[in-house]
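*Asks:* Dropping in final_30.csv, with CSV, C-alpha atoms and all ligand atoms.
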chain,number,residue,atom,x,y,z
A,1,MET,CA,44.7,-115.9,-58.3
A,2,SER,CA,41.2,-116.3,-59.9
A,3,VAL,CA,38.3,-116.9,-57.6
A,4,ILE,CA,34.8,-118.0,-58.6
A,5,HIS,CA,32.1,-117.8,-56.0
A,6,ALA,CA,29.6,-120.7,-55.8
A,7,ARG,CA,26.3,-119.6,-54.2
A,8,LEU,CA,24.0,-122.5,-53.7
A,9,SER,CA,20.7,-123.0,-51.9
A,10,SER,CA,22.1,-123.8,-48.5
A,11,VAL,CA,25.9,-123.2,-48.7
A,12,SER,CA,28.4,-121.1,-50.6
A,13,TYR,CA,32.1,-121.6,-51.2
A,14,ASP,CA,34.9,-120.3,-53.4
A,15,ILE,CA,36.8,-122.0,-56.2
A,16,HIS,CA,40.4,-120.7,-56.2
A,17,ILE,CA,42.7,-121.2,-59.2
A,18,GLN,CA,46.4,-120.4,-59.2
A,19,LYS,CA,49.6,-122.0,-60.3
A,20,GLY,CA,51.7,-122.9,-57.2
A,21,LEU,CA,48.6,-122.7,-54.9
A,22,LEU,CA,49.6,-125.9,-53.1
A,23,TYR,CA,52.5,-124.1,-51.4
A,24,THR,CA,50.1,-121.6,-49.8
A,25,LEU,CA,47.3,-124.0,-49.0
A,26,GLY,CA,48.1,-124.2,-45.3
A,27,SER,CA,47.8,-120.4,-44.7
A,28,GLN,CA,44.7,-120.2,-46.9
A,29,ILE,CA,42.9,-122.9,-44.9
A,30,ALA,CA,44.2,-121.4,-41.6
A,31,SER,CA,42.2,-118.2,-42.5
A,32,TRP,CA,38.9,-120.2,-41.8
A,33,TYR,CA,39.7,-123.6,-40.3
A,34,LYS,CA,40.5,-123.3,-36.6
A,35,GLY,CA,40.7,-127.0,-35.7
A,36,ASN,CA,43.9,-129.1,-35.3
A,37,ASP,CA,43.4,-132.2,-37.3
A,38,ILE,CA,43.0,-132.8,-41.0
A,39,ALA,CA,42.5,-136.1,-42.8
A,40,VAL,CA,44.1,-136.1,-46.2
A,41,ILE,CA,42.5,-138.7,-48.5
A,42,THR,CA,44.7,-139.4,-51.5
A,43,ASP,CA,45.9,-142.2,-53.9
A,44,SER,CA,49.3,-143.7,-54.0
A,45,THR,CA,50.3,-142.0,-57.3
A,46,VAL,CA,49.5,-138.5,-56.0
A,47,ASP,CA,51.0,-139.4,-52.6
A,48,GLN,CA,54.3,-140.3,-54.2
A,49,LEU,CA,54.5,-137.1,-56.3
A,50,TYR,CA,53.0,-134.5,-53.9
A,51,GLY,CA,52.2,-136.2,-50.6
A,52,SER,CA,55.2,-134.9,-48.7
A,53,THR,CA,54.7,-131.3,-50.1
A,54,MET,CA,51.1,-131.4,-48.9
A,55,GLU,CA,52.2,-132.7,-45.5
A,56,ASN,CA,54.8,-130.1,-45.0
A,57,VAL,CA,52.5,-127.3,-46.1
A,58,LEU,CA,49.9,-128.3,-43.6
A,59,THR,CA,52.3,-129.2,-40.8
A,60,ASN,CA,54.0,-125.8,-41.2
A,61,ALA,CA,50.6,-124.2,-40.8
A,62,GLY,CA,50.2,-126.0,-37.4
A,63,TYR,CA,47.9,-128.9,-38.4
A,64,LYS,CA,48.1,-132.5,-37.4
A,65,ILE,CA,47.8,-134.7,-40.5
A,66,HIS,CA,46.2,-138.1,-40.9
A,67,LYS,CA,46.9,-139.4,-44.3
A,68,ILE,CA,44.6,-142.0,-45.8
A,69,THR,CA,45.9,-143.5,-49.0
A,70,ILE,CA,44.0,-145.7,-51.5
A,71,ALA,CA,45.1,-147.4,-54.7
A,72,PRO,CA,44.7,-145.3,-57.9
A,73,GLY,CA,42.0,-146.2,-60.5
A,74,GLU,CA,38.3,-146.5,-60.9
A,75,GLN,CA,38.0,-149.8,-59.0
A,76,SER,CA,38.9,-147.9,-55.8
A,77,LYS,CA,35.6,-146.1,-55.8
A,78,SER,CA,34.1,-149.1,-54.0
A,79,LEU,CA,32.2,-150.0,-50.8
A,80,ILE,CA,35.2,-151.8,-49.6
A,81,ASN,CA,37.4,-148.7,-49.8
A,82,LEU,CA,34.6,-146.5,-48.4
A,83,ASN,CA,34.6,-148.9,-45.4
A,84,TYR,CA,38.4,-148.6,-45.2
A,85,VAL,CA,38.2,-144.8,-45.2
A,86,TYR,CA,35.5,-144.8,-42.5
A,87,ASN,CA,37.7,-147.0,-40.3
A,88,LYS,CA,40.7,-144.8,-40.8
A,89,LEU,CA,38.7,-141.6,-40.0
A,90,ALA,CA,37.5,-143.4,-36.8
A,91,GLU,CA,41.1,-144.4,-35.9
A,92,ALA,CA,42.2,-140.8,-36.3
A,93,GLU,CA,39.3,-139.7,-34.2
A,94,ILE,CA,38.1,-137.3,-36.9
A,95,ASN,CA,34.9,-135.6,-36.0
A,96,ARG,CA,32.5,-132.9,-37.3
A,97,GLY,CA,34.8,-130.2,-36.0
A,98,ASN,CA,37.6,-131.4,-38.3
A,99,LEU,CA,38.4,-131.2,-42.0
A,100,ILE,CA,38.9,-133.7,-44.8
A,101,ILE,CA,41.0,-132.9,-47.9
A,102,ALA,CA,40.2,-134.8,-51.1
A,103,PHE,CA,43.7,-134.7,-52.7
A,104,GLY,CA,43.6,-136.4,-56.1
A,105,GLY,CA,41.6,-136.9,-59.3
A,106,GLY,CA,38.0,-137.7,-59.8
A,107,VAL,CA,38.1,-141.1,-58.0
A,108,VAL,CA,39.6,-139.6,-54.9
A,109,GLY,CA,37.2,-136.6,-55.1
A,110,ASP,CA,34.1,-138.8,-55.4
A,111,LEU,CA,35.1,-141.3,-52.7
A,112,ALA,CA,36.4,-138.8,-50.2
A,113,GLY,CA,33.4,-136.5,-50.9
A,114,PHE,CA,31.0,-139.4,-50.2
A,115,ALA,CA,32.9,-140.4,-47.0
A,116,ALA,CA,32.8,-136.7,-45.9
A,117,ALA,CA,29.1,-136.5,-46.7
A,118,THR,CA,28.2,-139.6,-44.7
A,119,TYR,CA,30.8,-140.1,-41.9
A,120,MET,CA,29.1,-138.8,-38.7
A,121,ARG,CA,26.4,-137.4,-41.1
A,122,GLY,CA,28.8,-134.9,-42.6
A,123,ILE,CA,32.4,-133.7,-42.0
A,124,PRO,CA,33.5,-130.4,-43.8
A,125,TYR,CA,35.8,-131.1,-46.7
A,126,ILE,CA,37.7,-129.3,-49.4
A,127,GLN,CA,38.8,-130.5,-52.9
A,128,VAL,CA,42.4,-130.2,-54.1
A,129,PRO,CA,42.1,-131.7,-57.5
A,130,THR,CA,45.2,-133.0,-59.2
A,131,THR,CA,44.1,-134.1,-62.8
A,132,LEU,CA,42.9,-131.8,-65.5
A,133,MET,CA,39.6,-133.7,-65.6
A,134,SER,CA,39.0,-133.0,-61.9
A,135,GLN,CA,40.3,-129.4,-62.0
A,136,LEU,CA,38.0,-128.3,-64.7
A,137,ASP,CA,35.0,-130.5,-64.1
A,138,SER,CA,34.6,-133.1,-61.3
A,139,SER,CA,35.9,-131.2,-58.2
A,140,LEU,CA,32.9,-128.8,-58.3
A,141,GLY,CA,29.2,-129.5,-58.4
A,142,GLY,CA,28.7,-131.4,-55.2
A,143,LYS,CA,28.0,-134.8,-56.6
A,144,THR,CA,29.8,-137.5,-54.6
A,145,ALA,CA,29.5,-141.2,-55.2
A,146,ILE,CA,30.9,-144.7,-55.2
A,147,ASN,CA,30.3,-147.5,-57.7
A,148,LEU,CA,28.2,-150.5,-57.0
A,149,LYS,CA,28.5,-153.9,-58.8
A,150,VAL,CA,25.5,-153.0,-60.9
A,151,GLY,CA,26.9,-149.7,-62.1
A,152,LYS,CA,28.9,-146.6,-61.8
A,153,ASN,CA,28.1,-143.8,-59.3
A,154,LEU,CA,25.0,-145.6,-58.0
A,155,ALA,CA,25.4,-144.8,-54.3
A,156,GLY,CA,26.0,-141.1,-53.7
A,157,SER,CA,24.9,-137.8,-52.5
A,158,PHE,CA,25.0,-134.1,-53.2
A,159,TYR,CA,27.5,-132.6,-50.7
A,160,HIS,CA,29.4,-129.4,-51.5
A,161,PRO,CA,32.9,-128.8,-50.4
A,162,LYS,CA,33.9,-125.8,-48.2
A,163,GLY,CA,36.2,-124.8,-51.0
A,164,VAL,CA,38.0,-126.0,-54.2
A,165,TYR,CA,41.7,-125.2,-54.5
A,166,ILE,CA,43.0,-125.7,-58.0
A,167,ASP,CA,46.7,-125.7,-58.7
A,168,PRO,CA,47.5,-126.1,-62.4
A,169,MET,CA,51.1,-126.6,-61.6
A,170,LEU,CA,50.1,-130.2,-60.5
A,171,LEU,CA,49.3,-130.9,-64.2
A,172,GLU,CA,53.0,-130.9,-65.1
A,173,THR,CA,53.3,-134.6,-64.0
A,174,LEU,CA,50.2,-135.8,-65.9
A,175,THR,CA,50.8,-138.3,-68.7
A,176,PRO,CA,49.8,-137.0,-72.2
A,177,ARG,CA,46.9,-139.4,-72.2
A,178,ALA,CA,45.5,-138.1,-68.9
A,179,TYR,CA,46.0,-134.6,-70.1
A,180,SER,CA,43.9,-135.3,-73.3
A,181,ASP,CA,41.3,-137.0,-71.1
A,182,GLY,CA,40.7,-133.7,-69.3
A,183,LEU,CA,40.8,-131.7,-72.5
A,184,ALA,CA,37.7,-133.7,-73.7
A,185,GLU,CA,35.7,-131.9,-71.0
A,186,ALA,CA,37.2,-128.5,-71.9
A,187,VAL,CA,36.0,-129.1,-75.5
A,188,LYS,CA,32.6,-130.0,-74.2
A,189,TYR,CA,32.4,-126.8,-72.2
A,190,GLY,CA,33.2,-124.7,-75.3
A,191,ALA,CA,30.8,-126.7,-77.4
A,192,ILE,CA,27.8,-126.4,-75.0
A,193,LYS,CA,28.2,-122.8,-73.7
A,194,ASP,CA,31.3,-120.9,-74.9
A,195,ALA,CA,31.8,-120.4,-78.6
A,196,GLU,CA,34.7,-118.2,-78.1
A,197,LEU,CA,36.5,-120.7,-75.9
A,198,PHE,CA,35.8,-123.4,-78.6
A,199,ARG,CA,37.2,-121.1,-81.3
A,200,GLU,CA,40.3,-120.2,-79.4
A,201,MET,CA,41.1,-123.8,-78.8
A,202,LEU,CA,40.3,-124.7,-82.4
A,203,HIS,CA,42.5,-121.9,-83.8
A,204,ALA,CA,45.4,-122.6,-81.4
A,205,ALA,CA,48.5,-123.4,-83.4
A,206,SER,CA,49.1,-126.6,-81.5
A,207,LEU,CA,48.2,-128.7,-78.5
A,208,GLU,CA,51.1,-127.0,-76.7
A,209,GLU,CA,49.5,-123.6,-77.2
A,210,ILE,CA,46.3,-124.9,-75.7
A,211,LYS,CA,48.3,-126.3,-72.7
A,212,ASP,CA,50.1,-122.9,-72.3
A,213,ASN,CA,46.7,-121.3,-71.8
A,214,ILE,CA,45.4,-124.0,-69.4
A,215,GLU,CA,44.8,-121.8,-66.3
A,216,GLU,CA,42.4,-119.6,-68.3
A,217,ILE,CA,40.7,-122.6,-69.8
A,218,ILE,CA,40.2,-124.1,-66.3
A,219,PHE,CA,38.8,-120.8,-65.1
A,220,ARG,CA,36.3,-120.6,-68.0
A,221,CYS,CA,35.2,-124.3,-67.7
A,222,CYS,CA,34.7,-123.9,-63.9
A,223,SER,CA,32.7,-120.7,-64.4
A,224,ILE,CA,30.4,-122.4,-66.9
A,225,LYS,CA,29.9,-125.4,-64.6
A,226,ASN,CA,29.4,-123.1,-61.6
A,227,THR,CA,26.7,-121.1,-63.4
A,228,LEU,CA,24.8,-124.2,-64.4
A,229,VAL,CA,25.1,-125.8,-61.0
A,230,GLN,CA,23.8,-122.6,-59.3
A,231,LYS,CA,20.8,-122.6,-61.6
A,232,ASP,CA,20.0,-126.3,-61.2
A,233,GLU,CA,21.7,-127.7,-58.2
A,234,MET,CA,19.8,-131.0,-58.2
A,235,ASP,CA,20.4,-131.7,-61.9
A,236,LYS,CA,16.8,-131.6,-63.0
A,237,GLY,CA,17.1,-129.2,-65.9
A,238,GLU,CA,19.8,-127.0,-67.4
A,239,ARG,CA,22.6,-128.7,-65.6
A,240,GLN,CA,22.0,-131.7,-67.8
A,241,LEU,CA,23.7,-129.7,-70.6
A,242,LEU,CA,26.9,-131.0,-69.0
A,243,ASN,CA,26.0,-134.4,-70.2
A,244,PHE,CA,26.7,-133.5,-73.8
A,245,GLY,CA,28.4,-136.6,-75.3
A,246,HIS,CA,28.1,-138.5,-72.0
A,247,THR,CA,25.2,-140.8,-72.6
A,248,ILE,CA,26.8,-142.4,-75.7
A,249,GLY,CA,30.2,-142.0,-74.1
A,250,HIS,CA,29.3,-143.9,-70.9
A,251,ALA,CA,27.8,-146.7,-73.1
A,252,ILE,CA,31.0,-146.9,-75.1
A,253,GLU,CA,33.0,-147.1,-71.9
A,254,LYS,CA,30.8,-149.8,-70.5
A,255,TYR,CA,30.6,-151.7,-73.8
A,256,HIS,CA,34.4,-152.1,-73.6
A,257,ASP,CA,34.3,-153.0,-69.9
A,258,TYR,CA,36.1,-149.7,-69.0
A,259,GLN,CA,39.3,-151.1,-70.4
A,260,LYS,CA,39.7,-149.6,-73.8
A,261,TYR,CA,38.9,-145.9,-73.4
A,262,THR,CA,39.3,-143.3,-70.7
A,263,HIS,CA,36.2,-141.3,-69.8
A,264,GLY,CA,37.4,-138.3,-71.8
A,265,GLU,CA,38.1,-140.5,-74.8
A,266,ALA,CA,34.7,-142.1,-74.7
A,267,VAL,CA,33.1,-138.6,-74.3
A,268,SER,CA,35.0,-137.4,-77.4
A,269,LEU,CA,33.5,-140.3,-79.4
A,270,GLY,CA,30.1,-139.6,-77.8
A,271,MET,CA,30.1,-135.9,-78.7
A,272,LEU,CA,31.1,-136.7,-82.3
A,273,GLN,CA,28.5,-139.5,-82.8
A,274,ILE,CA,25.6,-137.4,-81.5
A,275,THR,CA,26.6,-134.4,-83.5
A,276,LYS,CA,27.2,-136.3,-86.7
A,277,ASN,CA,23.6,-137.5,-86.5
A,278,SER,CA,21.9,-134.4,-85.2
A,279,GLU,CA,23.6,-132.5,-88.0
A,280,ALA,CA,22.3,-135.0,-90.5
A,281,LEU,CA,18.8,-134.6,-89.0
A,282,LYS,CA,19.2,-130.8,-89.4
A,283,LEU,CA,18.9,-130.4,-85.6
A,284,THR,CA,22.5,-128.9,-85.5
A,285,GLU,CA,24.1,-126.2,-87.6
A,286,LYS,CA,26.1,-127.5,-90.5
A,287,GLY,CA,29.8,-127.6,-90.0
A,288,SER,CA,29.7,-128.2,-86.2
A,289,PHE,CA,30.7,-131.8,-86.6
A,290,GLU,CA,33.7,-131.0,-88.7
A,291,ALA,CA,35.0,-128.3,-86.3
A,292,LEU,CA,34.4,-130.6,-83.3
A,293,GLU,CA,36.3,-133.4,-85.0
A,294,LYS,CA,39.2,-131.1,-85.9
A,295,LEU,CA,39.5,-129.8,-82.3
A,296,LEU,CA,39.3,-133.3,-80.7
A,297,ALA,CA,42.0,-134.6,-83.0
A,298,LYS,CA,44.2,-131.6,-82.1
A,299,CYS,CA,43.7,-132.6,-78.4
A,300,LYS,CA,44.9,-136.2,-79.3
A,301,LEU,CA,41.5,-137.7,-78.6
A,302,PRO,CA,39.9,-140.5,-80.6
A,303,THR,CA,37.6,-139.5,-83.5
A,304,GLU,CA,36.9,-142.9,-85.1
A,305,MET,CA,34.0,-144.9,-83.7
A,306,PRO,CA,35.1,-148.5,-83.1
A,307,GLN,CA,33.2,-151.4,-84.6
A,308,MET,CA,30.4,-152.2,-82.1
A,309,ASP,CA,27.2,-154.1,-82.1
A,310,ILE,CA,24.6,-151.3,-82.4
A,311,THR,CA,21.8,-153.3,-80.7
A,312,GLN,CA,24.0,-154.1,-77.7
A,313,LEU,CA,25.1,-150.5,-77.5
A,314,SER,CA,21.5,-149.2,-77.6
A,315,VAL,CA,20.5,-151.6,-74.9
A,316,ILE,CA,23.3,-150.2,-72.7
A,317,ILE,CA,22.2,-146.7,-73.5
A,318,THR,CA,18.6,-147.3,-72.6
A,319,HIS,CA,19.7,-148.6,-69.2
A,320,ASP,CA,21.3,-145.3,-68.4
A,321,LYS,CA,20.1,-143.4,-65.3
A,322,LYS,CA,18.8,-140.7,-67.6
A,323,THR,CA,16.0,-142.8,-69.0
A,324,VAL,CA,12.5,-141.6,-68.0
A,325,GLY,CA,9.7,-143.9,-69.0
A,326,ASN,CA,10.0,-144.5,-72.8
A,327,HIS,CA,12.2,-141.4,-73.3
A,328,MET,CA,15.7,-140.2,-72.9
A,329,ARG,CA,17.1,-136.8,-72.8
A,330,PHE,CA,20.0,-136.2,-75.2
A,331,ILE,CA,22.0,-133.0,-75.3
A,332,LEU,CA,22.4,-131.6,-78.8
A,333,LEU,CA,24.3,-128.6,-80.2
A,334,ARG,CA,22.2,-126.0,-81.9
A,335,SER,CA,25.5,-124.5,-83.0
A,336,LEU,CA,28.9,-124.4,-81.4
A,337,GLY,CA,28.6,-122.8,-78.0
A,338,ASN,CA,24.8,-123.2,-77.9
A,339,SER,CA,23.2,-126.5,-76.7
A,340,TYR,CA,19.8,-127.8,-75.8
A,341,ILE,CA,18.0,-130.7,-74.3
A,342,HIS,CA,16.3,-133.0,-76.9
A,343,GLN,CA,13.9,-135.7,-75.9
A,344,ILE,CA,14.2,-138.9,-77.9
A,345,SER,CA,11.9,-141.9,-77.7
A,346,LYS,CA,13.8,-145.2,-76.9
A,347,ASP,CA,12.7,-146.5,-80.3
A,348,ASP,CA,14.5,-143.7,-82.1
A,349,ILE,CA,17.8,-144.1,-80.2
A,350,LYS,CA,19.4,-146.1,-83.0
A,351,SER,CA,19.2,-143.2,-85.4
A,352,PHE,CA,21.5,-141.2,-83.1
A,353,ILE,CA,24.2,-143.9,-82.7
A,354,VAL,CA,24.6,-145.5,-86.1
B,1,LIG,N1,31.4,-133.8,-58.6
B,1,LIG,C1,30.9,-133.7,-59.9
B,1,LIG,C2,29.7,-133.0,-60.1
B,1,LIG,O1,29.0,-132.6,-59.1
B,1,LIG,O2,29.3,-132.7,-61.2
Can you turn what I pasted into structure tokens?

*Replies:*
Amino acid sequence: MSVIHARLSSVSYDIHIQKGLLYTLGSQIASWYKGNDIAVITDSTVDQLYGSTMENVLTNAGYKIHKITIAPGEQSKSLINLNYVYNKLAEAEINRGNLIIAFGGGVVGDLAGFAAATYMRGIPYIQVPTTLMSQLDSSLGGKTAINLKVGKNLAGSFYHPKGVYIDPMLLETLTPRAYSDGLAEAVKYGAIKDAELFREMLHAASLEEIKDNIEEIIFRCCSIKNTLVQKDEMDKGERQLLNFGHTIGHAIEKYHDYQKYTHGEAVSLGMLQITKNSEALKLTEKGSFEALEKLLAKCKLPTEMPQMDITQLSVIITHDKKTVGNHMRFILLRSLGNSYIHQISKDDIKSFIV
């Protein structure tokens, strides 16, 4: 098993990575959780695939399980579902001496994390992520949130889990599209901070070879994220490097009403678009765009920008949370594996998205 230690200002926790970890989760939790009750928050897809395994593993370790199941999909990250989860936690008489498990992808992680952060002003929780996107990115970092009508992730908090337990075996049931969705973030980690990871993926003979090495890839992505989060827990500086491709990516997702592209697919287009333009402006080493395009295509991610109204797209971009006054912070590559924050005036945004 690989373990990464996260040391933050007020808490610390471990990120455990191992194939088959789900089967030993009960005994691992038992080494530090001495209560009786556990609320497992999951979605119906994960529940169908792994719900009974999780239940058996925890019951065999002596725990009483209270399962709270929501519908899969982004629309579940809502105030209505948060209220539903609060009511279920109350019915199960979960209190601060108990534990919540977020068992699912990014939606479950964010919603369960926010419920844990706010119910009774904070219940301990752990993340057991089930998608590639959540295993290598969203299950760590401490940001929890729900969506509001006006936008994504607009009500949330920073609330770190007691531990993150990553079992890459759970990825075996992912659809190819969901797998590629997560790989977009792995490409991002290589591009912003790990030239060797990027090159290894680029030179892999096939997508299958990348998948064969996924446990190591997850470890390296989590290590990079953990280092950035430790340096900049509240996302005021260097942690923003994680936003590479995301400002344009979020706008592409929103432009298409979150229907056409997954998050990873939109980030793939965002990384390419910003790098094409930063390279043309000589802000990025020549050849970076071509390598990025080749790797994203290998990961079966989109590389062709769709036809879009550029004025409408730039309006969406300027409404992003990252706008400060008349400026936005874009993340650019200096070269592959080396990234930096570049301030752009709102008036210049179009030159980065055409
Ligand atoms: N939970 C996602 C993050 O903190 O970045």

*Asks:* Which chains and residue numbers are within 8 Å of ligand LIG 1 (chain B), counting all atoms listed in the file, if I want them as a list in words?

*Replies:*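 Using all atoms listed in the file, everything at most 8 Å from ligand LIG 1 (chain B) comes to Gly106, Gly109, Asp110, Asp137, Ser138, Ser139, Leu140, Gly141, Gly142, Lys143, Thr144 and Phe158 of chain A.
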
*Asks:* Considering all atoms listed in the file, can you say which of A:Lys193, A:His203, A:Ser278, A:Val267 comes closest to A:Leu241?

*Replies:* A:Lys193

*Asks:* Need to verify the contact set: A:Lys67, 7 Å, all atoms listed in the file, exclusion of same-chain residues closer than 4 positions in sequence. Can you return it as a list in words?

*Replies:*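 Skipping anything fewer than 4 positions along the chain leaves Ala39, Val40 and Ile41 of chain A.
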
*Asks:* Using all atoms listed in the file, which of A:Pro176, A:Pro302, A:Gly190, A:Pro72 sits nearest A:Ile224?

*Replies:*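 For A:Ile224, the nearest of the given residues is A:Gly190.
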
*Asks:* Could I get the residues of stretch 193-230 of chain A with an atom no further than 10 Å from an atom of stretch 327-341 of chain A, each paired with its nearest atom pair and that distance in Å to one decimal, using all atoms listed in the file, sorted by chain and residue number, as a tab-separated table?

*Replies:*
residue	atom	partner	partner_atom	distance
A:Lys193	CA	A:Gly337	CA	4.3
A:Asp194	CA	A:Gly337	CA	4.5
A:Ala195	CA	A:Gly337	CA	4.0
A:Glu196	CA	A:Gly337	CA	7.6
A:Leu197	CA	A:Gly337	CA	8.4
A:Phe198	CA	A:Gly337	CA	7.2
A:Arg199	CA	A:Leu336	CA	8.9

*Asks:* Write out as a list in words which residues come within 12 Å of A:Asn83 when counting all atoms listed in the file, dropping same-chain ones fewer than 3 positions away.

*Replies:*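 Once the adjacent positions are removed, what remains is Ile70, Ser76, Lys77, Ser78, Leu79, Ile80, Tyr86, Asn87, Lys88, Leu89, Ala90, Leu111, Ala112, Phe114, Ala115, Thr118, Tyr119 and Ile146 of chain A.
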
*Asks:* Would you mind reading off the distance between atom CA of A:Gln240 and atom CA of A:Ile192, one decimal, in Å?

*Replies:*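 Going from atom CA of A:Gln240 over to atom CA of A:Ile192 covers 10.7 Å.
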
*Asks:* Quick one, how far is atom CA of A:Leu8 from atom CA of A:Gly156?

*Replies:* 18.7 Å

*Asks:* Rank A:Tyr50, A:Phe219, A:Tyr84, A:Tyr125 by their smallest atom-to-atom distance to A:Ile38, using all atoms listed in the file, and report the top residue only.

*Replies:* A:Tyr125

*Asks:* Name the closest residue to A:Gly35 among the candidates A:Gly97, A:His66, A:Leu283, A:Glu172; distances are taken between atoms, counting only C-alpha atoms.

*Replies:*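 Closest to A:Gly35 of all the choices is A:Gly97.
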
*Asks:* Compare A:Ala61, A:Ile218, A:Val150, A:Leu295 by their minimum atom-to-atom distance to A:Ser2, counting only C-alpha atoms, and give me the closest one.

*Replies:*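 Closest residue, counting only C-alpha atoms: A:Ile218.
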
*Asks:* Which residues, written as an NGL selection string, have at least one atom at most 12 Å from stretch 204-211 of chain A, with only C-alpha atoms counted and residues fewer than 2 positions away on the same chain left out?

*Replies:* :A and (132 or 168-169 or 171-172 or 174 or 176 or 179-180 or 182-183 or 186-187 or 197-202 or 213-218 or 294-301)

*Asks:* Applying 9 Å and only C-alpha atoms, which residues near A:Ala71 remain after dropping the ones on its own chain fewer than 6 positions away? List them as a short mmCIF file (atom, residue, chain, number, x, y, z; two decimals) with C-alpha atoms, in the frame of the given file.

*Replies:*
data_model
loop_
_atom_site.label_atom_id
_atom_site.label_comp_id
_atom_site.auth_asym_id
_atom_site.auth_seq_id
_atom_site.Cartn_x
_atom_site.Cartn_y
_atom_site.Cartn_z
CA THR A 42 44.70 -139.40 -51.50
CA ASP A 43 45.90 -142.20 -53.90
CA SER A 44 49.30 -143.70 -54.00
CA THR A 45 50.30 -142.00 -57.30
#

*Asks:* Would it be fine to have stretch 326-337 of chain A, with N, CA, C and O atoms, given as a PDB file, in the first residue's frame?

*Replies:*
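Final file, part.pdb:
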ATOM      1  N   ASN A 326     -10.694  43.818 -12.681  1.00  0.00           N
ATOM      2  CA  ASN A 326     -10.700  43.757 -14.146  1.00  0.00           C
ATOM      3  C   ASN A 326      -9.783  42.647 -14.655  1.00  0.00           C
ATOM      4  O   ASN A 326      -9.496  42.574 -15.842  1.00  0.00           O
ATOM      5  N   HIS A 327      -9.321  41.801 -13.745  1.00  0.00           N
ATOM      6  CA  HIS A 327      -8.336  40.793 -14.141  1.00  0.00           C
ATOM      7  C   HIS A 327      -8.775  39.369 -13.832  1.00  0.00           C
ATOM      8  O   HIS A 327      -9.586  39.135 -12.939  1.00  0.00           O
ATOM      9  N   MET A 328      -8.199  38.448 -14.576  1.00  0.00           N
ATOM     10  CA  MET A 328      -8.393  37.025 -14.288  1.00  0.00           C
ATOM     11  C   MET A 328      -7.029  36.370 -14.234  1.00  0.00           C
ATOM     12  O   MET A 328      -6.101  36.814 -14.901  1.00  0.00           O
ATOM     13  N   ARG A 329      -6.947  35.304 -13.464  1.00  0.00           N
ATOM     14  CA  ARG A 329      -5.691  34.560 -13.396  1.00  0.00           C
ATOM     15  C   ARG A 329      -5.851  33.294 -14.227  1.00  0.00           C
ATOM     16  O   ARG A 329      -6.682  32.447 -13.907  1.00  0.00           O
ATOM     17  N   PHE A 330      -5.065  33.200 -15.288  1.00  0.00           N
ATOM     18  CA  PHE A 330      -5.048  31.985 -16.098  1.00  0.00           C
ATOM     19  C   PHE A 330      -3.784  31.200 -15.746  1.00  0.00           C
ATOM     20  O   PHE A 330      -2.751  31.788 -15.427  1.00  0.00           O
ATOM     21  N   ILE A 331      -3.867  29.891 -15.830  1.00  0.00           N
ATOM     22  CA  ILE A 331      -2.681  29.062 -15.600  1.00  0.00           C
ATOM     23  C   ILE A 331      -2.103  28.687 -16.962  1.00  0.00           C
ATOM     24  O   ILE A 331      -2.820  28.165 -17.827  1.00  0.00           O
ATOM     25  N   LEU A 332      -0.839  28.985 -17.143  1.00  0.00           N
ATOM     26  CA  LEU A 332      -0.164  28.670 -18.407  1.00  0.00           C
ATOM     27  C   LEU A 332       0.980  27.701 -18.141  1.00  0.00           C
ATOM     28  O   LEU A 332       1.508  27.621 -17.031  1.00  0.00           O
ATOM     29  N   LEU A 333       1.380  26.991 -19.192  1.00  0.00           N
ATOM     30  CA  LEU A 333       2.574  26.159 -19.098  1.00  0.00           C
ATOM     31  C   LEU A 333       3.763  26.994 -19.551  1.00  0.00           C
ATOM     32  O   LEU A 333       3.686  27.674 -20.581  1.00  0.00           O
ATOM     33  N   ARG A 334       4.843  26.911 -18.767  1.00  0.00           N
ATOM     34  CA  ARG A 334       6.097  27.488 -19.274  1.00  0.00           C
ATOM     35  C   ARG A 334       6.665  26.457 -20.259  1.00  0.00           C
ATOM     36  O   ARG A 334       7.080  26.772 -21.351  1.00  0.00           O
ATOM     37  N   SER A 335       6.621  25.214 -19.804  1.00  0.00           N
ATOM     38  CA  SER A 335       6.951  24.054 -20.639  1.00  0.00           C
ATOM     39  C   SER A 335       6.211  22.884 -20.010  1.00  0.00           C
ATOM     40  O   SER A 335       5.587  23.051 -18.960  1.00  0.00           O
ATOM     41  N   LEU A 336       6.284  21.714 -20.606  1.00  0.00           N
ATOM     42  CA  LEU A 336       5.553  20.590 -20.018  1.00  0.00           C
ATOM     43  C   LEU A 336       6.154  20.236 -18.660  1.00  0.00           C
ATOM     44  O   LEU A 336       7.371  20.074 -18.540  1.00  0.00           O
ATOM     45  N   GLY A 337       5.312  20.191 -17.638  1.00  0.00           N
ATOM     46  CA  GLY A 337       5.785  19.906 -16.280  1.00  0.00           C
ATOM     47  C   GLY A 337       6.100  21.150 -15.484  1.00  0.00           C
ATOM     48  O   GLY A 337       6.508  21.058 -14.324  1.00  0.00           O
TER      49      GLY A 337
END
